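Scroll down for the structure; my scribbles are underneath it.
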Amino acid sequence: MKIHVLTLFPEIPRAFFENSIMAKAVERGLIDCTLINIRDFAFDRHKSCDDSTYGGGAGMLMLPEPLSAALEAAGVVPKKTDADAAPGIPRRKKRVVFPTPSGKPFSQRYAYELSREEELVFVCGRYEGIDQRIIDLYVDDEISIGDYVASSGELAAAVIIDAVYRLIPGVISSESLEEESFSDGLLEYPQYTRPEIFRGVKVPEVLLSGHHEKIRQWRLRKRVEKTLRVRPDLVEESLKNGVYREETVALIEEMKNGFN
Ligand code: ADE
């Protein structure tokens with residue numbers, strides 16, 4: 001997968017791209033990341049990239065011209081003149097993501113969907129946001145990482161990229177992905193390493209037993225317990241969508257009855 005990040009502050013995503021797992025995935029040719037400094041495409045001698053908004057209101061907005069020039073440098077063409085608008089011609093290969101608090105909620109499912117793309121282009125907003133015409137002309141996905149406002153689009157893009165690239169086959173083991181939180185509508189079970197007793201607290205006996213089936217059952221029970229306690233909304237949604245196996249549904253019913 002090829003990832004482009006358009007930003008006014010390349011040092012933020014650069015620090016993230018240089019982290020060891022990501023750097024290894026780049027080294028192994030699984031992903032390729034490029035940073036594009038939007039300021040390089042400013043067209044006046046002050047290198048301006050923002051201006052006040054039409055109609056009044058607080059704050060500054062990112063100007064459309066440097067953004068469109070930066071997008072086009074990343075090989076993105078406007079949607080309306082794109083060849084993909086013509087029937088019979090495959091969808092364009094680059095998917096343009098704009099992280100914004102007013103976007104669709106990000107999720108593990110969304111991360112899986114993006115991980116299947118050949119090329120992702122992230123537009124990082126600053127100030128009060130970007131001119132709507134950039135969104136209308138170029139952006140495929142407006143994505144929110146949560147119901148709060150961060151001051152940096154770069155951090156939101158980094159969160160999305162981090163959740164996506166690790167799902168690309170070969171980046172990390174598929175075993176690690178199978179039992180982690182959200183993979184099947186359940187949060188992760190608790191884990192322990194040495195020492196066996198830490199500050200008087202002992203590792204649960206079953207984990208020392210070597211009894212694989214009992215360990216599996218204990219872990220599933222812990223996952224169900226925790227998900228019911230902290231994410232009852234996830235349990236209800238997964239039940240509705242038929243995500244759970246029979247054994248999990250039985251455990252949920254048993255625990256719900258126990259809670260009442
Ligand atoms: N930029 C600032 N806040 C954000 C959020 N919650 N999600 C995505 N992008 C953002």
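Labeling convention for the structure tokens: chains A, B, ... as they appear, residues from 1 per chain, ligands from 1 in order of appearance.
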
May I have the residues within 8 Å of A:Arg126 as an NGL selection string, using only C-alpha atoms and disregarding those fewer than 4 positions away in the same chain?
-> :A and (8 or 61-62 or 130 or 151-153)

Please, which residues have at least one atom within 6 Å of an atom of ligand 1, using only C-alpha atoms and all ligand atoms, listed as a PyMOL selection string?
-> chain A and resi 99-101+143-153+156

Atom CA of A:Val235 to atom CA of A:Glu247, distance in Å rounded to a single decimal |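 Distance between the two atoms: 14.1 Å.
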
Stretch 34-233 of chain A: which residues are alpha helix (DSSP H) by DSSP, as a VMD selection string?
-> chain A and resid 64 to 73 108 to 115 132 to 138 153 to 165 174 to 178 212 to 230 232 to 233

How many Å lie between atom CA of A:Lys214 and atom CA of A:Arg194, rounded to one decimal?
->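 Atom CA of A:Arg194 lies 20.4 Å from atom CA of A:Lys214.
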
Near stretch 221-226 of chain A, counting only C-alpha atoms, which residues have an atom at most 10 Å away, once you skip same-chain residues fewer than 2 positions from it, shown as a ChimeraX atom specification?
-> /A:179-181,185-190,215-219,228-232,235,247-249,251-252,255-256

Atom CA of A:Val171 to atom CA of A:Cys33, straight-line distance in Å | 14.5 Å

Which residues come within 12 Å of A:Asp140, counting only C-alpha atoms, excluding same-chain residues fewer than 5 positions away, as a PyMOL selection string?
-> chain A and resi 76-79+91-99+103-104+114+120-123+134-135

Would you list the contacts of A:Thr34 as a list in words, taking every protein, DNA or RNA residue within 7 Å and counting only C-alpha atoms, but skipping same-chain residues closer than 6 positions in sequence?
->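 Result of the neighbour search: Ile3, His4 and Val5 of chain A.
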
Option closest in space to A:Ser102, from A:Asp51, A:Glu254, A:Asp141, A:Glu246 [counting only C-alpha atoms] =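 Among the listed residues, A:Asp141 lies closest to A:Ser102.
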
Nearest residue to A:Val139 from the set A:Glu154, A:Tyr165, A:Leu71, A:Val206 (distances using only C-alpha atoms) |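 Of A:Glu154, A:Tyr165, A:Leu71, A:Val206, the one nearest A:Val139, counting only C-alpha atoms, is A:Leu71.
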
Name the residues in contact with A:Glu113 at a cut-off of 12 Å, using only C-alpha atoms, excluding same-chain residues fewer than 4 positions from it; report them as a list in words.
->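 Within the cut-off, the hits are Arg95, Phe106, Ser107, Gln108, Arg109, Glu117, Glu118, Leu120, Asp141, Ile160, Ala163, Val164, Tyr165, Leu167 and Ile168 of chain A.
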
In stretch 168-259 of chain A, DSSP strand (DSSP E) residues written as JSON, numbers by chain = {"A": [197, 198, 201, 202]}
